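Peer 1: Pasting in a structure now, in structure tokens, and then I'll have a few things to ask.
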2 protein chains.
Amino acid sequence: MAAPLRIALAGLGTVGGGVIRLIETNGSLIARRAGRPLEIVAVCARDRGKDRGVDLARYQWEDDMTLLAERDDVDVVVELVGGADGPALALARRALAGGKALVTANKAMIAHHGMELAEAAEKAGVALKFEAAVAGGIPVVKGLREGAAANAIERIYGILNGTCNYILSTMERSGRDFAEVLKEAQALGYAEADPSFDIEGVDAAHKLAILAAIAFGSRIDFAALKIAGIGRIRAADIAQAAALGYVIRLIGLADHDADDAGRLFQRVQPCLVPLAHPLAAVDGPTNAVVAEGNFAGRLLFQGAGAGDGPTASAVVADLIDIARGDTGAPFSVPVAQLDALAPADPGHRRNRAYLRFTVTDRAGVLAEITAAMRDAGVSIESLIQQGRPEEGGEVLVAMVTHEGPESRVAHALELLEGSPSLTEVPLVMPLLA
Amino acid sequence: MAAPLRIALAGLGTVGGGVIRLIETNGSLIARRAGRPLEIVAVCARDRGKDRGVDLARYQWEDDMTLLAERDDVDVVVELVGGADGPALALARRALAGGKALVTANKAMIAHHGMELAEAAEKAGVALKFEAAVAGGIPVVKGLREGAAANAIERIYGILNGTCNYILSTMERSGRDFAEVLKEAQALGYAEADPSFDIEGVDAAHKLAILAAIAFGSRIDFAALKIAGIGRIRAADIAQAAALGYVIRLIGLADHDADDAGRLFQRVQPCLVPLAHPLAAVDGPTNAVVAEGNFAGRLLFQGAGAGDGPTASAVVADLIDIARGDTGAPFSVPVAQLDALAPADPGHRRNRAYLRFTVTDRAGVLAEITAAMRDAGVSIESLIQQGRPEEGGEVLVAMVTHEGPESRVAHALELLEGSPSLTEVPLVMPLLA
């Protein structure tokens with residue numbers, strides 16, 4: 001048996017604890033598969049005394065995290081501290097500069113600094129791996145970077161946030177409203193005390209930016225990514241979608257936009273997903289990613305998107321790859337060869353869309369809305385007016401448009417801006433095709 | 001750019017043609033990802049003159065296939081000839097013995113000779129890769145061997161044959177009977193002229209034997225694998241399953257049987273799959289594999305299980321891995337370290353089961369069947385007698401048992417053997433839990 005792969009572990013939260021438990025539980029199995037044992041040498045976390053359910057006595061404790069990256073007895077640093085910048089980034093930079101491999105579950109750091117870190121890893125000839133940063137335990141970074149490597153990827157999309165998917169599928173099943181289900185999700189541990197990163201779509205956006213870079217061989221461009229969350233979805237929207245044969249899911253989607261000269265389109269947004277689509281069956285905190293390749297066709301990867309076990313599984317899979325000698329380009333193609341793709345203008349995008357207006361309960365409102373649609377060139381496929389006023393005398397008007405450019409819908413909404421008939425900014429969701 | 005990976009291609013059927021088309025179409029993309037170009041040097045097939053829709057003039061033609069393995073200008077041989085033995089096996093042996101890597105889509109050859117070939121590859125220090133042999137374009141060999149490598153796999157199962165899945169889901173949708181749908185599938189190209197390998201479950205069994213070896217670190221034991229096909233399933237079975245909230249799918253499943261001292265259980269058999277299970281939504285010729293890991297939980301890989309594009313995608317993914325330098329153990333663990341696991345006795349297995357009897361339409365038949373169940377210790381959860389006789393005066397009696405060992409059901413059927421009341425051997429299908 002070859003020499004062990006020596007590991008320094010920064011961050012001992014639920015995932016860090018999971019990594020220790022996994023290596024302790026499956027160690028001999030892993031040594032057979034990797035050809036050498038994985039050995040945790042040193043660890044570091046904020047609070048040394050905290051009970052984590054694992055025995056830390058056998059590992060060396062380092063008070064200063066960045067010193068993990070300096071140790072001569074360490075081959076790879078595992079960063080599980082979190083945060084796009086700050087100590088995590090400092091540690092990552094120091095590890096790679098010192099010729100140590102880096103494994104991280106930190107999607108924010110990779111979405112914001114992935115190019116810099118990948119360049120540093122390539123320069124040092126070491127691995128930078130981040131399977132756990134995207135979709136928890138699902139090996140989708142590997143699936144794209146290697147499994148689908150023979151394909152030009154035409155589109156990549158999926159359910160990338162378990163909290164949102166739990167909330168939406170629970171709203172769907174129970175008929176309850178967003179705020180109530182969010183509260184329950186927080187009580188059950190499916191949502192954070194401050195859930196904004198999840199429900200506003202930022203977490204999913206970090207993951208999508210990483211996937212898009214690998215899929216399209218393009219530089220990460222997080223700033224260009226459009227993001228909308230799920231906070232404005234009502235029980236009534238879910239009911240309308242169901243009546244039309246759809247469910248609502250928060251979808252992160254990226255492609256070379258054929259309607260905009262092949263520019264890079266990236267967006268996280270709630271969408272109407274047809275019931276026959278495999279993503280419509282994805283319930284609860286599960287994640288699922290679809291990659292459409294020009295030869296493989298539609299590939300689906302599904303599994304637990306979070307949790308200590310699944311995330312630890314992804315971290316340790318990266319460590320096994322490194323133990324086996326994988327030092328390939330983190331984004332499949334060396335950073336210097338990644339394209340800097342211009343962002344697509346979503347206005348060019350052709351979609352069918354669901355539009356929902358909340359209006360005051362008085363005559364002429366419907367005429368006003370439909371006139372704006374007509375003037376903007378938006379063709380309405382079906383229109384549903386919910387007759388019974390909601391609380392506050394509000395009436396919901398929902399419609400589905402024929403396929404057309406998003407710019408027209410945007411124009412129609414501009415025409416309606418400031419109208420005293422509307423009690424809220426209209427909600428627009430594309431139909432996933 | 002490093003030197004090209006030089007390829008010899010044996011077999012120019014639909015998949016071989018697909019590999020050529022893929023490398024021609026996506027060549028520059030692949031070169032960026034692999035760090036070096038893939039270059040087809042020489043090809044061989046039975047009929048040189050046949051029109052394959054690709055221009056073979058730029059590749060050297062070899063009349064004697066085994067000479068592909070002798071060429072000094074070739075790094076890797078791609079075997080797409082098919083057949084467990086014969087020319088494919090001769091070529092594979094010669095390539096590996098000569099220190100050339102081997103990529104194959106040949107599930108029969110790997111299921112029967114995978115241990116010998118993997119040993120030869122390990123001895124020569126070259127890669128043996130067979131992603132395309134299992135589930136077409138879905139990167140599930142990689143998903144298990146690498147993506148889930150940190151996990152003890154508790155169970156692996158899935159829909160491994162697109163022909164059967166097409167037939168079963170079409171029977172389900174149309175209410176038609178097996179023979180009629182099979183004929184249609186043949187006309188549409190979803191089933192071969194001689195469909196026996198597919199519908200009898202042998203093709204799925206080849207794939208399952210390969211997956212089980214990787215998942216459980218065990219030597220392939222194809223002879224111990226139990227196989228039942230779909231030919232005896234009637235429209236009435238599908239209707240009964242639907243009434244109970246299930247669909248019928250041909251499932252290949254392997255695990256360490258907890259009911260039999262952890263021995264290796266491997267079986268291909270039609271099963272009742274609950275509607276809420278992700279495999280129940282898998283329609284048409286799609287394949288899907290579930291791996292349940294002790295840390296990752298349930299991972300699902302889904303996609304096209306056959307076809308020239310998807311299969312070529314898997315073949316070329318293997319070539320890219322080789323171009324990137326992967327020479328790891330074909331079955332994740334070196335052959336010498338694989339366990340020779342004793343086969344589990346299915347009699348110990350505890351399941352709920354669907355049993356369907358076809359009986360003569362006369363008094364006392366039901367009492368006879370239920371007495372046999374009682375005497376064998378099988379507890380019946382629900383019993384459905386289809387009142388209206390089928391053609392020939394047959395009546396169908398279907399039941400679902402409570403969970404219990406399969407040996408009891410087998411014993412009950414023994415008690416009924418030779419009974420003049422039964423017009424056919426009863427059909428038994430476990431409920432997937």
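Here, A, B, ... name the chains of the structure tokens in the order displayed, residue numbers run from 1 inside each chain, and ligands are numbered from 1 in the same displayed order.
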Which residues of chain B are close to chain A, meaning at most 7 Å apart when you count only C-alpha atoms, and how do they look as a PyMOL selection string?
Peer 2: chain B and resi 26+30+32-33+137-139+142-143+146-152+295-304+309-310+313+316-317+332-333
Peer 1: Store the residues picked out above in a file with C-alpha atoms, as a PDB file, in the first residue's frame.
Peer 2:
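Output below, filename part_10.pdb:
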ATOM      1  CA  ASN B  26     -16.576  17.624 -31.099  1.00  0.00           C
ATOM      2  CA  ILE B  30     -12.454  17.370 -26.668  1.00  0.00           C
ATOM      3  CA  ARG B  32      -9.228  21.303 -24.966  1.00  0.00           C
ATOM      4  CA  ARG B  33     -10.789  19.164 -22.272  1.00  0.00           C
ATOM      5  CA  GLY B 137     -24.737   7.201 -22.239  1.00  0.00           C
ATOM      6  CA  ILE B 138     -25.215   7.447 -18.474  1.00  0.00           C
ATOM      7  CA  PRO B 139     -21.895   7.833 -16.648  1.00  0.00           C
ATOM      8  CA  LYS B 142     -17.815   6.486 -13.246  1.00  0.00           C
ATOM      9  CA  GLY B 143     -20.531   7.532 -10.812  1.00  0.00           C
ATOM     10  CA  GLU B 146     -15.436   7.585  -8.460  1.00  0.00           C
ATOM     11  CA  GLY B 147     -18.452   9.736  -7.588  1.00  0.00           C
ATOM     12  CA  ALA B 148     -19.723   7.418  -4.852  1.00  0.00           C
ATOM     13  CA  ALA B 149     -16.266   6.036  -4.006  1.00  0.00           C
ATOM     14  CA  ALA B 150     -16.396   7.288  -0.408  1.00  0.00           C
ATOM     15  CA  ASN B 151     -19.452   5.148   0.366  1.00  0.00           C
ATOM     16  CA  ALA B 152     -20.162   1.618   1.376  1.00  0.00           C
ATOM     17  CA  PHE B 295     -23.190   8.558   3.526  1.00  0.00           C
ATOM     18  CA  ALA B 296     -24.463   9.892   0.168  1.00  0.00           C
ATOM     19  CA  GLY B 297     -27.922   8.381   0.591  1.00  0.00           C
ATOM     20  CA  ARG B 298     -29.839   7.688  -2.587  1.00  0.00           C
ATOM     21  CA  LEU B 299     -28.141   8.770  -5.829  1.00  0.00           C
ATOM     22  CA  LEU B 300     -29.997   8.497  -9.126  1.00  0.00           C
ATOM     23  CA  PHE B 301     -28.381   8.497 -12.575  1.00  0.00           C
ATOM     24  CA  GLN B 302     -30.753   8.618 -15.526  1.00  0.00           C
ATOM     25  CA  GLY B 303     -30.511   8.953 -19.311  1.00  0.00           C
ATOM     26  CA  ALA B 304     -30.608   7.194 -22.657  1.00  0.00           C
ATOM     27  CA  GLY B 309     -25.078   9.002 -29.814  1.00  0.00           C
ATOM     28  CA  PRO B 310     -25.340   8.150 -26.110  1.00  0.00           C
ATOM     29  CA  SER B 313     -20.642   9.600 -25.678  1.00  0.00           C
ATOM     30  CA  VAL B 316     -15.372   8.793 -25.876  1.00  0.00           C
ATOM     31  CA  ALA B 317     -15.652   9.793 -22.192  1.00  0.00           C
ATOM     32  CA  SER B 332     -12.175   0.375  -8.614  1.00  0.00           C
ATOM     33  CA  VAL B 333     -10.231  -2.126  -6.506  1.00  0.00           C
TER      34      VAL B 333
END
Peer 1: Residues of region 6-172 of chain B in helix (DSSP H, G or I) according to DSSP, as a PyMOL selection string?
Peer 2: chain B and resi 14-34+65-70+86-97+107-124+131-133+140-147+162-172
Peer 1: Any idea what's packed within 10 Å of region 181-191 of chain B, counting only C-alpha atoms, ignoring anything in its chain fewer than 5 positions away? Could you give it as number ranges by chain?
Peer 2: B: 162-171, 174-176, 196, 198-199, 231, 284-285, 306-307
Peer 1: Could you please take those selected residues and save N, CA and C atoms as a PDB file, in the first residue's frame?
Peer 2:
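File produced: result.pdb:
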ATOM      1  N   GLY B 162     -33.528  -0.810 -21.997  1.00  0.00           N
ATOM      2  CA  GLY B 162     -34.463   0.133 -22.597  1.00  0.00           C
ATOM      3  C   GLY B 162     -35.594  -0.547 -23.355  1.00  0.00           C
ATOM      4  N   THR B 163     -35.295  -1.695 -23.970  1.00  0.00           N
ATOM      5  CA  THR B 163     -36.333  -2.413 -24.712  1.00  0.00           C
ATOM      6  C   THR B 163     -37.460  -2.825 -23.772  1.00  0.00           C
ATOM      7  N   CYS B 164     -37.093  -3.450 -22.658  1.00  0.00           N
ATOM      8  CA  CYS B 164     -38.112  -3.877 -21.694  1.00  0.00           C
ATOM      9  C   CYS B 164     -38.867  -2.683 -21.145  1.00  0.00           C
ATOM     10  N   ASN B 165     -38.147  -1.606 -20.871  1.00  0.00           N
ATOM     11  CA  ASN B 165     -38.837  -0.463 -20.280  1.00  0.00           C
ATOM     12  C   ASN B 165     -39.777   0.197 -21.272  1.00  0.00           C
ATOM     13  N   TYR B 166     -39.348   0.211 -22.533  1.00  0.00           N
ATOM     14  CA  TYR B 166     -40.251   0.711 -23.571  1.00  0.00           C
ATOM     15  C   TYR B 166     -41.513  -0.144 -23.629  1.00  0.00           C
ATOM     16  N   ILE B 167     -41.342  -1.458 -23.640  1.00  0.00           N
ATOM     17  CA  ILE B 167     -42.501  -2.356 -23.749  1.00  0.00           C
ATOM     18  C   ILE B 167     -43.414  -2.212 -22.533  1.00  0.00           C
ATOM     19  N   LEU B 168     -42.843  -2.223 -21.332  1.00  0.00           N
ATOM     20  CA  LEU B 168     -43.676  -2.144 -20.127  1.00  0.00           C
ATOM     21  C   LEU B 168     -44.402  -0.804 -20.029  1.00  0.00           C
ATOM     22  N   SER B 169     -43.705   0.298 -20.334  1.00  0.00           N
ATOM     23  CA  SER B 169     -44.382   1.589 -20.187  1.00  0.00           C
ATOM     24  C   SER B 169     -45.405   1.792 -21.303  1.00  0.00           C
ATOM     25  N   THR B 170     -45.172   1.176 -22.459  1.00  0.00           N
ATOM     26  CA  THR B 170     -46.175   1.262 -23.519  1.00  0.00           C
ATOM     27  C   THR B 170     -47.397   0.403 -23.179  1.00  0.00           C
ATOM     28  N   MET B 171     -47.168  -0.793 -22.639  1.00  0.00           N
ATOM     29  CA  MET B 171     -48.298  -1.623 -22.180  1.00  0.00           C
ATOM     30  C   MET B 171     -49.121  -0.852 -21.150  1.00  0.00           C
ATOM     31  N   SER B 174     -51.093   2.014 -22.887  1.00  0.00           N
ATOM     32  CA  SER B 174     -52.065   1.648 -23.915  1.00  0.00           C
ATOM     33  C   SER B 174     -53.013   0.541 -23.464  1.00  0.00           C
ATOM     34  N   GLY B 175     -52.683  -0.162 -22.376  1.00  0.00           N
ATOM     35  CA  GLY B 175     -53.521  -1.284 -21.952  1.00  0.00           C
ATOM     36  C   GLY B 175     -53.398  -2.508 -22.844  1.00  0.00           C
ATOM     37  N   ARG B 176     -52.459  -2.467 -23.788  1.00  0.00           N
ATOM     38  CA  ARG B 176     -52.337  -3.595 -24.709  1.00  0.00           C
ATOM     39  C   ARG B 176     -51.476  -4.699 -24.135  1.00  0.00           C
ATOM     40  N   SER B 196     -34.738 -11.930 -27.623  1.00  0.00           N
ATOM     41  CA  SER B 196     -34.703 -12.755 -26.418  1.00  0.00           C
ATOM     42  C   SER B 196     -33.707 -12.242 -25.373  1.00  0.00           C
ATOM     43  N   ASP B 198     -32.881  -9.321 -24.640  1.00  0.00           N
ATOM     44  CA  ASP B 198     -33.458  -8.185 -23.916  1.00  0.00           C
ATOM     45  C   ASP B 198     -34.619  -8.623 -23.038  1.00  0.00           C
ATOM     46  N   ILE B 199     -35.628  -9.251 -23.650  1.00  0.00           N
ATOM     47  CA  ILE B 199     -36.863  -9.481 -22.888  1.00  0.00           C
ATOM     48  C   ILE B 199     -36.721 -10.597 -21.862  1.00  0.00           C
ATOM     49  N   GLY B 231     -41.624 -11.572 -20.365  1.00  0.00           N
ATOM     50  CA  GLY B 231     -42.515 -12.171 -21.362  1.00  0.00           C
ATOM     51  C   GLY B 231     -43.841 -12.680 -20.811  1.00  0.00           C
ATOM     52  N   GLY B 284     -40.391   4.800 -21.389  1.00  0.00           N
ATOM     53  CA  GLY B 284     -39.779   4.589 -22.699  1.00  0.00           C
ATOM     54  C   GLY B 284     -38.419   3.927 -22.571  1.00  0.00           C
ATOM     55  N   PRO B 285     -37.535   4.118 -23.570  1.00  0.00           N
ATOM     56  CA  PRO B 285     -36.270   3.381 -23.583  1.00  0.00           C
ATOM     57  C   PRO B 285     -35.210   3.941 -22.635  1.00  0.00           C
ATOM     58  N   ALA B 306     -29.390   3.464 -24.628  1.00  0.00           N
ATOM     59  CA  ALA B 306     -28.857   2.882 -25.857  1.00  0.00           C
ATOM     60  C   ALA B 306     -28.829   3.961 -26.931  1.00  0.00           C
ATOM     61  N   GLY B 307     -28.549   3.549 -28.157  1.00  0.00           N
ATOM     62  CA  GLY B 307     -28.503   4.507 -29.258  1.00  0.00           C
ATOM     63  C   GLY B 307     -27.073   4.866 -29.579  1.00  0.00           C
TER      64      GLY B 307
END
Peer 1: Name the residues in contact with Val273 (chain A) at a cut-off of 12 Å, using only C-alpha atoms, excluding same-chain residues fewer than 2 positions from it; report them as a PDB file with C-alpha atoms, in the first residue's frame.
Peer 2:
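That gives us out_30.pdb:
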ATOM      1  CA  TYR A 157     -30.378  23.214 -15.593  1.00  0.00           C
ATOM      2  CA  GLY A 158     -31.752  21.878 -12.405  1.00  0.00           C
ATOM      3  CA  ILE A 159     -33.046  22.142  -8.899  1.00  0.00           C
ATOM      4  CA  ILE A 238     -49.198  26.835  -7.346  1.00  0.00           C
ATOM      5  CA  ALA A 241     -49.931  25.945 -12.270  1.00  0.00           C
ATOM      6  CA  ALA A 242     -51.403  22.616 -11.192  1.00  0.00           C
ATOM      7  CA  LEU A 244     -52.460  23.905 -16.201  1.00  0.00           C
ATOM      8  CA  GLY A 245     -50.474  20.656 -15.668  1.00  0.00           C
ATOM      9  CA  TYR A 246     -47.359  22.188 -14.127  1.00  0.00           C
ATOM     10  CA  VAL A 247     -45.524  22.413 -10.837  1.00  0.00           C
ATOM     11  CA  ILE A 248     -43.410  25.368  -9.742  1.00  0.00           C
ATOM     12  CA  ARG A 249     -39.708  24.756  -9.074  1.00  0.00           C
ATOM     13  CA  LEU A 250     -36.780  27.107  -8.560  1.00  0.00           C
ATOM     14  CA  ILE A 251     -34.677  26.337 -11.633  1.00  0.00           C
ATOM     15  CA  GLN A 269     -35.808  31.771 -11.318  1.00  0.00           C
ATOM     16  CA  PRO A 270     -38.985  29.955 -10.378  1.00  0.00           C
ATOM     17  CA  CYS A 271     -40.344  28.190 -13.457  1.00  0.00           C
ATOM     18  CA  LEU A 275     -45.669  17.264 -14.886  1.00  0.00           C
ATOM     19  CA  ALA A 276     -44.149  14.800 -17.360  1.00  0.00           C
ATOM     20  CA  HIS A 277     -40.663  16.311 -16.904  1.00  0.00           C
ATOM     21  CA  PRO A 278     -38.357  14.360 -14.556  1.00  0.00           C
ATOM     22  CA  LEU A 279     -37.722  17.520 -12.495  1.00  0.00           C
ATOM     23  CA  ALA A 280     -41.452  17.776 -11.668  1.00  0.00           C
ATOM     24  CA  ALA A 281     -41.143  14.593  -9.589  1.00  0.00           C
ATOM     25  CA  VAL A 282     -38.267  15.994  -7.505  1.00  0.00           C
ATOM     26  CA  ARG A 352     -43.993  30.754 -22.986  1.00  0.00           C
ATOM     27  CA  ALA A 353     -44.585  32.510 -19.680  1.00  0.00           C
ATOM     28  CA  TYR A 354     -46.948  32.504 -16.736  1.00  0.00           C
ATOM     29  CA  MET A 429     -42.343  32.792 -14.524  1.00  0.00           C
ATOM     30  CA  PRO A 430     -41.237  31.061 -17.729  1.00  0.00           C
ATOM     31  CA  LEU A 431     -42.543  27.622 -18.659  1.00  0.00           C
ATOM     32  CA  LEU A 432     -39.656  25.172 -18.803  1.00  0.00           C
ATOM     33  CA  ALA A 433     -39.568  23.585 -22.263  1.00  0.00           C
TER      34      ALA A 433
END
